[in-house]
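Below: one structure, written as structure tokens.
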Amino acid sequence: MHELAVTEGILKVALEAAAQAGGPRIHAIDLVIGDLSGMVDDSIQFYFDILSRDTAAAGATLRFRREPANVTCQECAAHYTAQPPLMPLCTRCGSAQLRVIGGRELRVESIEVEEQP
Amino acid sequence: MRIPVVRNILSANDQVAQENRAAFAATRTFAINLMASPGAGKTSLILATAARLPAGVRPGVIEGDLASRIDAEKVAEHGIPVVQINTGGNCHLDAPMIRSALAELPLAEIDLLFIENVGNLVCPAEFDLGANRAVVVASTPEGHDKPYKYPGMFAAADAVVLNKSDVMAVFDFDLDFFRRGVAMVNQKAPVFVVSCRTGAGLAAWVEWLSDQWYT
């Protein structure tokens with residue numbers, strides 16, 4: 001739902017990084033998005049295409065790397081990844097003693113820019 | 001050519017949140033970011049808590065809403081300083097909105113500031129406002145599955161308040177199931193089971209709250 005604000009953030013971070021590098025055009029932006037953040041990739045790309053018009057990032061491709069939420073069972077030590085809605089019981093032993101970590105990243109990892117002469 | 005960046009997407013927001021945090025520290029104001037779905041009882045909890053604060057503790061409120069001043073007027077009727085932020089359709093409060101609102105509040109005369117976020121269990125979790133604590137309010141009519149469906153929100157909480165305990169049985173609310181869902185994503189947040197209507201459970205919540213802020 002809040003993809004617009006997040007996309008504005010992506011564009012701002014990417015343009016600042018490019019400006020520091022002398023202002024080249026941005027071809028691609030590599031993102032890390034946590035699976036618990038409620039973000040829809042297509043929706044981010046949709047907003048990005050509109051917001052990036054007339055900027056050095058116009059037409060850039062967004063490359064999404066999803067960061068999963070990791071579930072650990074306190075009973076049988078099973079490890080697996082999950083997406084919301086989280087299942088209340090361990091998929092291996094059925095225990096309700098589960099711990100979930102990760103899946104909350106929202107990060108610009110790198111940008112790919114054109115070579116400057 | 002690849003340029004490494006490794007920056008939080010919301011770093012511009014986070015910077016302003018740090019400024020807000022410094023502003024709160026300067027006036028020794030303790031700020032609570034109150035998040036919940038619409039109708040869980042955020043405003044009721046603010047009023048019920050304000051009525052039970054230890055003597056001398058002065059509350060204040062920032063009301064975030066899509067539109068309207070209904071909640072702000074309700075708070076103002078109780079003589080509590082309040083400023084309304086209308087987000088104009090935005091689904092969450094962000095740190096710059098809080099910064100603007102602070103200019104309209106007598107911060108030096110507020111010991112405990114409640115920031116009532118927009119009713120929403122997804123978006124507000126991502127935006128640091130600079131508050132000292134994040135509190136999620138859930139309510140029994142919403143169902144016991146909320147921590148499983150909105151794990152990001154419950155993971156972000158320093159405490160969880162479960163409101164409307166007086167009607168728990170009517171809604172077949174499974175408290176153990178709810179508690180396990182919170183514990184799955186968040187082992188540090190206490191869960192307070194309260195009813196703002198009857199006052200049940202509020203003493204323990206206010207006691208926890210009182211232990212948190214600057215003395």
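Each chain of the structure tokens is named A, B, ... in the order shown, its residues numbered from 1; ligands are numbered from 1 in display order.
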Using only C-alpha atoms and a distance of at most 8 Å, pull out the residues of chain A that contact chain B, as an mmCIF file with N, CA and C atoms, in the first residue's frame.
```cif
data_model
loop_
_atom_site.group_PDB
_atom_site.id
_atom_site.type_symbol
_atom_site.label_atom_id
_atom_site.label_comp_id
_atom_site.auth_asym_id
_atom_site.auth_seq_id
_atom_site.Cartn_x
_atom_site.Cartn_y
_atom_site.Cartn_z
ATOM 1 N N MET A 1 0.817 -1.214 0.000
ATOM 2 C CA MET A 1 0.000 0.000 0.000
ATOM 3 C C MET A 1 0.851 1.265 0.000
ATOM 4 N N HIS A 2 2.024 1.167 0.633
ATOM 5 C CA HIS A 2 2.860 2.353 0.732
ATOM 6 C C HIS A 2 3.977 2.329 -0.294
ATOM 7 N N VAL A 6 7.782 4.397 -0.802
ATOM 8 C CA VAL A 6 8.997 3.591 -0.913
ATOM 9 C C VAL A 6 9.688 3.853 -2.252
ATOM 10 N N GLY A 9 11.593 6.948 -2.226
ATOM 11 C CA GLY A 9 12.856 6.707 -1.517
ATOM 12 C C GLY A 9 13.896 6.059 -2.407
ATOM 13 N N ILE A 10 13.463 5.067 -3.180
ATOM 14 C CA ILE A 10 14.384 4.371 -4.090
ATOM 15 C C ILE A 10 14.990 5.360 -5.080
ATOM 16 N N VAL A 13 17.484 7.840 -3.329
ATOM 17 C CA VAL A 13 18.764 7.209 -2.976
ATOM 18 C C VAL A 13 19.592 6.950 -4.231
ATOM 19 N N ALA A 14 18.938 6.458 -5.294
ATOM 20 C CA ALA A 14 19.656 6.123 -6.534
ATOM 21 C C ALA A 14 20.201 7.382 -7.205
ATOM 22 N N ALA A 17 23.201 8.715 -5.325
ATOM 23 C CA ALA A 17 24.398 7.898 -5.560
ATOM 24 C C ALA A 17 24.989 8.200 -6.936
ATOM 25 N N LEU A 36 8.405 -9.588 4.513
ATOM 26 C CA LEU A 36 7.390 -9.161 5.490
ATOM 27 C C LEU A 36 7.038 -7.682 5.337
ATOM 28 N N SER A 37 7.617 -7.014 4.332
ATOM 29 C CA SER A 37 7.418 -5.565 4.207
ATOM 30 C C SER A 37 6.122 -5.218 3.483
ATOM 31 N N GLY A 38 5.449 -6.201 2.933
ATOM 32 C CA GLY A 38 4.171 -5.958 2.265
ATOM 33 C C GLY A 38 4.304 -5.260 0.925
ATOM 34 N N PRO A 84 3.891 -14.112 4.612
ATOM 35 C CA PRO A 84 2.598 -13.936 5.271
ATOM 36 C C PRO A 84 1.464 -14.462 4.388
ATOM 37 N N PRO A 85 0.375 -15.007 4.948
ATOM 38 C CA PRO A 85 0.216 -15.232 6.381
ATOM 39 C C PRO A 85 1.099 -16.372 6.883
ATOM 40 N N LEU A 86 1.766 -16.154 8.026
ATOM 41 C CA LEU A 86 2.645 -17.172 8.585
ATOM 42 C C LEU A 86 1.802 -18.321 9.113
ATOM 43 N N MET A 87 2.300 -19.540 8.907
ATOM 44 C CA MET A 87 1.589 -20.705 9.415
ATOM 45 C C MET A 87 1.871 -20.844 10.909
ATOM 46 N N PRO A 88 0.841 -21.118 11.708
ATOM 47 C CA PRO A 88 1.047 -21.141 13.164
ATOM 48 C C PRO A 88 1.840 -22.343 13.668
ATOM 49 N N ALA A 96 4.084 -25.378 17.940
ATOM 50 C CA ALA A 96 3.709 -23.965 17.836
ATOM 51 C C ALA A 96 4.835 -23.065 18.335
ATOM 52 N N GLN A 97 5.949 -23.663 18.727
ATOM 53 C CA GLN A 97 7.076 -22.886 19.259
ATOM 54 C C GLN A 97 7.980 -22.451 18.109
ATOM 55 N N LEU A 98 7.578 -21.381 17.428
ATOM 56 C CA LEU A 98 8.320 -20.938 16.251
ATOM 57 C C LEU A 98 8.913 -19.556 16.483
ATOM 58 N N ARG A 99 10.036 -19.294 15.837
ATOM 59 C CA ARG A 99 10.641 -17.965 15.867
ATOM 60 C C ARG A 99 10.876 -17.519 14.426
ATOM 61 N N VAL A 100 10.515 -16.289 14.148
ATOM 62 C CA VAL A 100 10.685 -15.766 12.784
ATOM 63 C C VAL A 100 11.637 -14.583 12.839
ATOM 64 N N ILE A 101 12.679 -14.618 12.017
ATOM 65 C CA ILE A 101 13.557 -13.449 11.932
ATOM 66 C C ILE A 101 13.775 -13.075 10.464
ATOM 67 N N ARG A 104 12.574 -8.008 6.711
ATOM 68 C CA ARG A 104 12.107 -6.632 6.900
ATOM 69 C C ARG A 104 12.993 -5.606 6.187
ATOM 70 N N LEU A 106 14.560 -3.062 3.456
ATOM 71 C CA LEU A 106 14.157 -2.209 2.330
ATOM 72 C C LEU A 106 15.425 -1.443 1.972
ATOM 73 N N ARG A 107 16.178 -1.928 0.994
ATOM 74 C CA ARG A 107 17.527 -1.411 0.780
ATOM 75 C C ARG A 107 17.841 -1.258 -0.698
ATOM 76 N N VAL A 108 18.542 -0.177 -1.032
ATOM 77 C CA VAL A 108 19.134 -0.070 -2.369
ATOM 78 C C VAL A 108 20.540 -0.642 -2.261
ATOM 79 N N GLU A 109 20.783 -1.726 -2.974
ATOM 80 C CA GLU A 109 22.071 -2.420 -2.874
ATOM 81 C C GLU A 109 23.124 -1.756 -3.764
ATOM 82 N N SER A 110 22.764 -1.498 -5.008
ATOM 83 C CA SER A 110 23.715 -0.882 -5.946
ATOM 84 C C SER A 110 22.952 -0.310 -7.126
ATOM 85 N N ILE A 111 23.643 0.531 -7.894
ATOM 86 C CA ILE A 111 23.054 0.996 -9.136
ATOM 87 C C ILE A 111 24.020 0.683 -10.272
ATOM 88 N N GLU A 112 23.451 0.474 -11.437
ATOM 89 C CA GLU A 112 24.281 0.228 -12.616
ATOM 90 C C GLU A 112 24.151 1.450 -13.510
ATOM 91 N N VAL A 113 25.276 2.077 -13.829
ATOM 92 C CA VAL A 113 25.238 3.337 -14.588
ATOM 93 C C VAL A 113 26.011 3.189 -15.886
ATOM 94 N N GLU A 114 25.765 4.095 -16.806
ATOM 95 C CA GLU A 114 26.480 4.028 -18.095
ATOM 96 C C GLU A 114 27.933 4.443 -17.876
ATOM 97 N N GLU A 115 28.808 3.857 -18.685
ATOM 98 C CA GLU A 115 30.235 4.204 -18.618
ATOM 99 C C GLU A 115 30.399 5.635 -19.100
#
```
Exercise for review: Identify, with DSSP run on backbone atoms, the residues in chain A assigned to alpha helix (DSSP H), and express the list as a list in words.
Suggested key: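 Answer for chain A, restricted to alpha helix (DSSP H): Glu3, Leu4, Ala5, Val6, Thr7, Glu8, Gly9, Ile10, Leu11, Lys12, Val13, Ala14, Leu15, Glu16, Ala17, Ala18, Ala19, Gln20, Asp41, Asp42, Ser43, Ile44, Gln45, Phe46, Tyr47, Phe48, Asp49, Ile50 and Leu51 of chain A.
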Check your understanding: DSSP on the backbone: what in range 110-166 of chain B comes out strand (DSSP E or B), as a VMD selection string?
Key -> chain B and resid 112 to 116 133 to 139 159 to 163
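Residues within 9 Å of Cys76 in chain A, counting only C-alpha atoms and excluding same-chain residues fewer than 5 positions away, are Cys90, Arg92, Cys93 and Ser95 of chain A.
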**Study point:** Between CA of Asp71 in chain B and CA of Thr43 in chain B - distance in Å to one decimal
**Key:**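 Result for CA of Thr43 in chain B versus CA of Asp71 in chain B: 6.7 Å, one decimal.
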Point to revise | For Phe46 in chain A: contacts at 12 Å, only C-alpha atoms, fewer than 5 positions along chain excluded, given as a PyMOL selection string | key: chain A and resi 3-4+7-8+40-41+51-53+59-62
Output file for the selection above: N, CA and C atoms, as a short mmCIF file (atom, residue, chain, number, x, y, z; two decimals), in the first residue's frame:
```cif
data_model
loop_
_atom_site.label_atom_id
_atom_site.label_comp_id
_atom_site.auth_asym_id
_atom_site.auth_seq_id
_atom_site.Cartn_x
_atom_site.Cartn_y
_atom_site.Cartn_z
N GLU A 3 3.72 1.67 -1.43
CA GLU A 3 4.74 1.57 -2.47
C GLU A 3 5.15 2.93 -3.02
N LEU A 4 4.22 3.89 -3.04
CA LEU A 4 4.56 5.21 -3.60
C LEU A 4 5.69 5.85 -2.77
N THR A 7 8.89 3.99 -3.31
CA THR A 7 9.47 4.24 -4.63
C THR A 7 10.14 5.61 -4.68
N GLU A 8 9.54 6.59 -4.03
CA GLU A 8 10.18 7.91 -3.94
C GLU A 8 11.54 7.78 -3.26
N VAL A 40 4.76 -4.85 -3.13
CA VAL A 40 4.46 -5.55 -4.39
C VAL A 40 5.40 -5.01 -5.47
N ASP A 41 6.24 -5.90 -6.01
CA ASP A 41 7.28 -5.47 -6.96
C ASP A 41 6.69 -4.71 -8.16
N LEU A 51 7.57 8.25 -11.74
CA LEU A 51 8.36 9.21 -10.95
C LEU A 51 9.72 9.51 -11.59
N SER A 52 10.27 8.56 -12.33
CA SER A 52 11.65 8.72 -12.84
C SER A 52 11.71 9.47 -14.17
N ARG A 53 10.54 9.75 -14.75
CA ARG A 53 10.53 10.54 -16.00
C ARG A 53 11.34 11.82 -15.81
N GLY A 59 13.64 5.19 -17.33
CA GLY A 59 13.76 3.94 -18.08
C GLY A 59 14.59 2.87 -17.40
N ALA A 60 15.09 3.16 -16.21
CA ALA A 60 15.94 2.18 -15.53
C ALA A 60 15.14 0.93 -15.13
N THR A 61 15.83 -0.20 -15.11
CA THR A 61 15.21 -1.45 -14.70
C THR A 61 15.40 -1.63 -13.20
N LEU A 62 14.35 -2.02 -12.52
CA LEU A 62 14.47 -2.34 -11.09
C LEU A 62 14.67 -3.84 -10.97
#
```
Check your understanding: For Ala50 in chain B, which residue among B:Ala95, B:Leu113, B:Ala204, B:Ala25 is the nearest when counting only C-alpha atoms?
Key -> B:Leu113
Practice item. Report the distance between CA of Asn117 in chain B and CA of Arg28 in chain B in Å, rounded to one decimal place. Key: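 CA of Arg28 in chain B lies at a distance of 21.4 Å from CA of Asn117 in chain B.
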